[in-house]
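Trainee: My structure file data.csv, CSV, C-alpha atoms, is below:
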chain,number,residue,atom,x,y,z
L,628,MET,CA,-139.4,46.7,7.9
L,629,ALA,CA,-138.5,43.1,8.2
L,630,TYR,CA,-135.1,41.8,7.1
L,631,PHE,CA,-136.6,39.6,4.3
L,632,ASP,CA,-138.6,42.5,3.0
L,633,ILE,CA,-135.4,44.6,2.7
L,634,GLN,CA,-133.7,41.6,1.0
L,635,ARG,CA,-136.5,41.2,-1.5
L,636,LYS,CA,-136.4,44.9,-2.4
L,637,ASN,CA,-132.6,44.8,-2.8
L,638,HIS,CA,-132.9,41.8,-5.0
L,639,TYR,CA,-135.5,43.6,-7.1
L,640,PHE,CA,-133.3,46.7,-7.3
L,641,VAL,CA,-130.3,44.8,-8.4
L,642,ASN,CA,-132.2,42.8,-11.0
L,643,THR,CA,-133.9,45.9,-12.4
L,644,LEU,CA,-130.6,47.8,-12.7
L,645,CYS,CA,-128.8,44.7,-14.2
L,646,LYS,CA,-131.4,44.7,-17.0
L,647,GLU,CA,-130.7,48.4,-17.6
L,648,ILE,CA,-126.9,48.0,-17.5
L,649,SER,CA,-127.1,45.3,-20.1
L,650,LYS,CA,-128.4,47.8,-22.6
L,651,PHE,CA,-125.1,49.8,-22.6
L,652,ASP,CA,-121.5,49.1,-23.7
L,653,VAL,CA,-119.9,51.4,-21.0
L,654,VAL,CA,-121.1,51.9,-17.5
L,655,SER,CA,-119.3,54.0,-14.8
L,656,PHE,CA,-119.7,53.8,-11.1
L,657,SER,CA,-119.0,56.5,-8.5
L,658,ILE,CA,-116.5,55.2,-6.0
L,659,PHE,CA,-116.9,56.8,-2.6
L,660,ASP,CA,-120.3,56.7,-0.9
L,661,THR,CA,-121.6,54.6,-3.8
L,662,ALA,CA,-119.4,51.6,-4.6
L,663,VAL,CA,-117.3,52.0,-1.4
L,664,LEU,CA,-119.0,52.9,1.8
L,665,GLN,CA,-117.2,54.5,4.8
L,666,GLU,CA,-118.3,53.3,8.2
L,667,VAL,CA,-118.6,56.8,9.7
L,668,LEU,CA,-121.7,58.9,10.4
L,669,TYR,CA,-120.4,62.0,8.7
L,670,PRO,CA,-117.6,62.4,6.1
L,671,ASN,CA,-115.8,64.8,8.5
L,672,ASP,CA,-115.6,62.0,11.1
L,673,LEU,CA,-112.6,60.6,9.3
L,674,LEU,CA,-110.8,64.0,9.7
L,675,ARG,CA,-111.7,64.1,13.4
L,676,LEU,CA,-110.2,60.6,13.9
L,677,LEU,CA,-107.1,61.8,12.0
L,678,ALA,CA,-106.9,64.9,14.2
L,679,ARG,CA,-107.1,62.9,17.4
L,680,ASN,CA,-104.2,60.8,16.3
L,681,ALA,CA,-102.2,63.9,15.1
L,682,GLU,CA,-102.6,65.6,18.4
L,683,LYS,CA,-101.9,62.6,20.5
L,684,GLU,CA,-98.9,61.3,18.6
L,685,TYR,CA,-97.3,64.6,17.3
L,686,GLY,CA,-98.9,67.4,19.3
L,687,ILE,CA,-100.5,68.9,16.1
L,688,ILE,CA,-103.6,71.0,17.0
L,689,ASP,CA,-106.6,71.5,14.7
L,690,PHE,CA,-105.3,69.0,12.1
L,691,HIS,CA,-108.8,68.3,10.8
L,692,TYR,CA,-109.4,72.0,10.0
L,693,ILE,CA,-106.0,72.4,8.4
L,694,ARG,CA,-106.1,69.2,6.3
L,695,GLY,CA,-109.8,69.9,5.4
L,696,ASN,CA,-109.1,73.4,4.3
L,697,ILE,CA,-106.2,72.4,2.2
L,698,GLU,CA,-108.3,69.7,0.5
L,699,ASN,CA,-111.0,72.3,-0.2
L,700,GLU,CA,-108.5,74.8,-1.5
L,701,ILE,CA,-106.9,72.3,-3.9
L,702,ARG,CA,-110.4,71.2,-5.1
L,703,ILE,CA,-111.4,74.8,-5.8
L,704,ASN,CA,-108.2,75.9,-7.4
L,705,SER,CA,-107.9,72.8,-9.6
L,706,GLY,CA,-111.6,72.8,-10.6
L,707,LEU,CA,-111.7,69.0,-9.9
L,708,GLU,CA,-114.2,67.4,-7.5
L,709,ASP,CA,-111.9,64.5,-6.7
L,710,ILE,CA,-108.3,65.0,-5.7
L,711,SER,CA,-105.6,62.6,-4.5
L,712,LEU,CA,-104.3,62.1,-1.0
L,713,ASN,CA,-100.8,62.6,-2.5
L,714,LYS,CA,-101.7,66.1,-3.6
L,715,ILE,CA,-103.2,67.0,-0.2
L,716,TYR,CA,-100.2,65.7,1.7
L,717,GLU,CA,-97.8,67.3,-0.8
L,718,GLU,CA,-99.4,70.7,0.0
L,719,LEU,CA,-99.3,69.9,3.7
L,720,SER,CA,-95.6,69.2,3.5
L,721,ILE,CA,-95.0,72.6,1.8
L,722,ARG,CA,-97.1,74.5,4.4
L,723,HIS,CA,-95.9,72.5,7.4
L,724,PRO,CA,-92.4,71.2,6.6
L,725,THR,CA,-91.7,70.1,10.2
L,726,TRP,CA,-94.8,67.8,10.4
L,727,PRO,CA,-94.3,64.0,10.0
L,728,ILE,CA,-96.2,64.0,6.7
L,729,LYS,CA,-95.3,60.4,5.8
L,730,GLN,CA,-96.7,59.1,9.1
L,731,LEU,CA,-99.8,61.2,8.9
L,732,ARG,CA,-100.5,60.0,5.4
L,733,LEU,CA,-99.9,56.4,6.3
L,734,TYR,CA,-102.2,56.7,9.3
L,735,GLU,CA,-104.9,58.1,7.0
L,736,LEU,CA,-104.5,55.2,4.6
L,737,GLN,CA,-104.6,52.7,7.4
L,738,LEU,CA,-107.8,54.3,8.8
L,739,LEU,CA,-109.4,54.3,5.3
L,740,GLN,CA,-108.7,50.6,5.0
L,741,LYS,CA,-110.4,50.0,8.4
L,742,ILE,CA,-113.5,52.0,7.7
L,743,CYS,CA,-114.1,51.3,4.0
L,744,HIS,CA,-115.9,48.4,2.5
L,745,ALA,CA,-117.6,47.5,-0.7
L,746,ASN,CA,-121.3,48.2,-1.1
L,747,PRO,CA,-122.7,44.7,-1.7
L,748,LEU,CA,-125.5,46.0,-4.0
L,749,ILE,CA,-123.2,48.0,-6.2
L,750,GLN,CA,-120.6,45.2,-6.2
L,751,GLN,CA,-123.3,42.9,-7.7
L,752,LEU,CA,-124.0,45.6,-10.4
L,753,TYR,CA,-120.3,45.9,-11.1
L,754,GLU,CA,-119.8,42.2,-11.5
L,755,HIS,CA,-122.8,42.1,-13.9
L,756,ALA,CA,-121.4,45.0,-15.9
L,757,VAL,CA,-118.0,43.4,-16.4
What does the file become when written as structure tokens?

Mentor:
Amino acid sequence: MAYFDIQRKNHYFVNTLCKEISKFDVVSFSIFDTAVLQEVLYPNDLLRLLARNAEKEYGIIDFHYIRGNIENEIRINSGLEDISLNKIYEELSIRHPTWPIKQLRLYELQLLQKICHANPLIQQLYEHAV
């Protein structure tokens, strides 16, 4: 598919949805993987990058499994789909009190800043909605 064909379809998509959005007083947008895109092939790639740093810098083995499992446990126990990084790292600090939790959390935030960017199509819809 040619670049201009994709652009034309995107323009049509945005215009069509803008017309629909105009019919409502309140519109909500999903954040991750909709309004904000992560430049990774799979969501777990972020955890693997974190694990590589944790092992290299602090000798922590299997960080991606441990952090991922804690996130899943909190999600299941709370009944919430989305949970905060603060909650995840708070639990990590309880279970692994000798780990450099502040540094691990900071690295994750820095990594998220590097790999995340606004979805330009959804950004147009958001700007129309406000």

Trainee: Restricting the calculation to all atoms listed in the file, which member of L:Asn696, L:Asn746, L:Ser655, L:Gln740 is positioned closest to Asn671 in chain L?

Mentor: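 Using all atoms listed in the file, the shortest distance to Asn671 in chain L belongs to L:Asn696.
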
Trainee: Pick out the residues sitting within 7 Å of range 712-715 of chain L, and hand them over as a PDB file with C-alpha atoms, keeping the file's coordinate frame; count all atoms listed in the file, and ignore anything fewer than 3 positions along from it in its own chain.

Mentor:
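The resulting file, selection-v3.pdb, is shown below:
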ATOM      1  CA  ILE L 697    -106.200  72.400   2.200  1.00  0.00           C
ATOM      2  CA  GLU L 698    -108.300  69.700   0.500  1.00  0.00           C
ATOM      3  CA  GLU L 718     -99.400  70.700   0.000  1.00  0.00           C
ATOM      4  CA  LEU L 719     -99.300  69.900   3.700  1.00  0.00           C
TER       5      LEU L 719
END

Trainee: Quick one: of L:Leu676, L:Ile701, L:Ile648, L:Ala662, who's nearest to Leu748 in chain L, counting only C-alpha atoms?

Mentor: L:Ala662

Trainee: Interatomic distance between CA of Leu731 in chain L and CA of Glu666 in chain L?

Mentor: 20.1 Å

Trainee: Please report the interatomic distance between CA of Tyr692 in chain L and CA of Ala745 in chain L in Å with one decimal.

Mentor: 28.0 Å
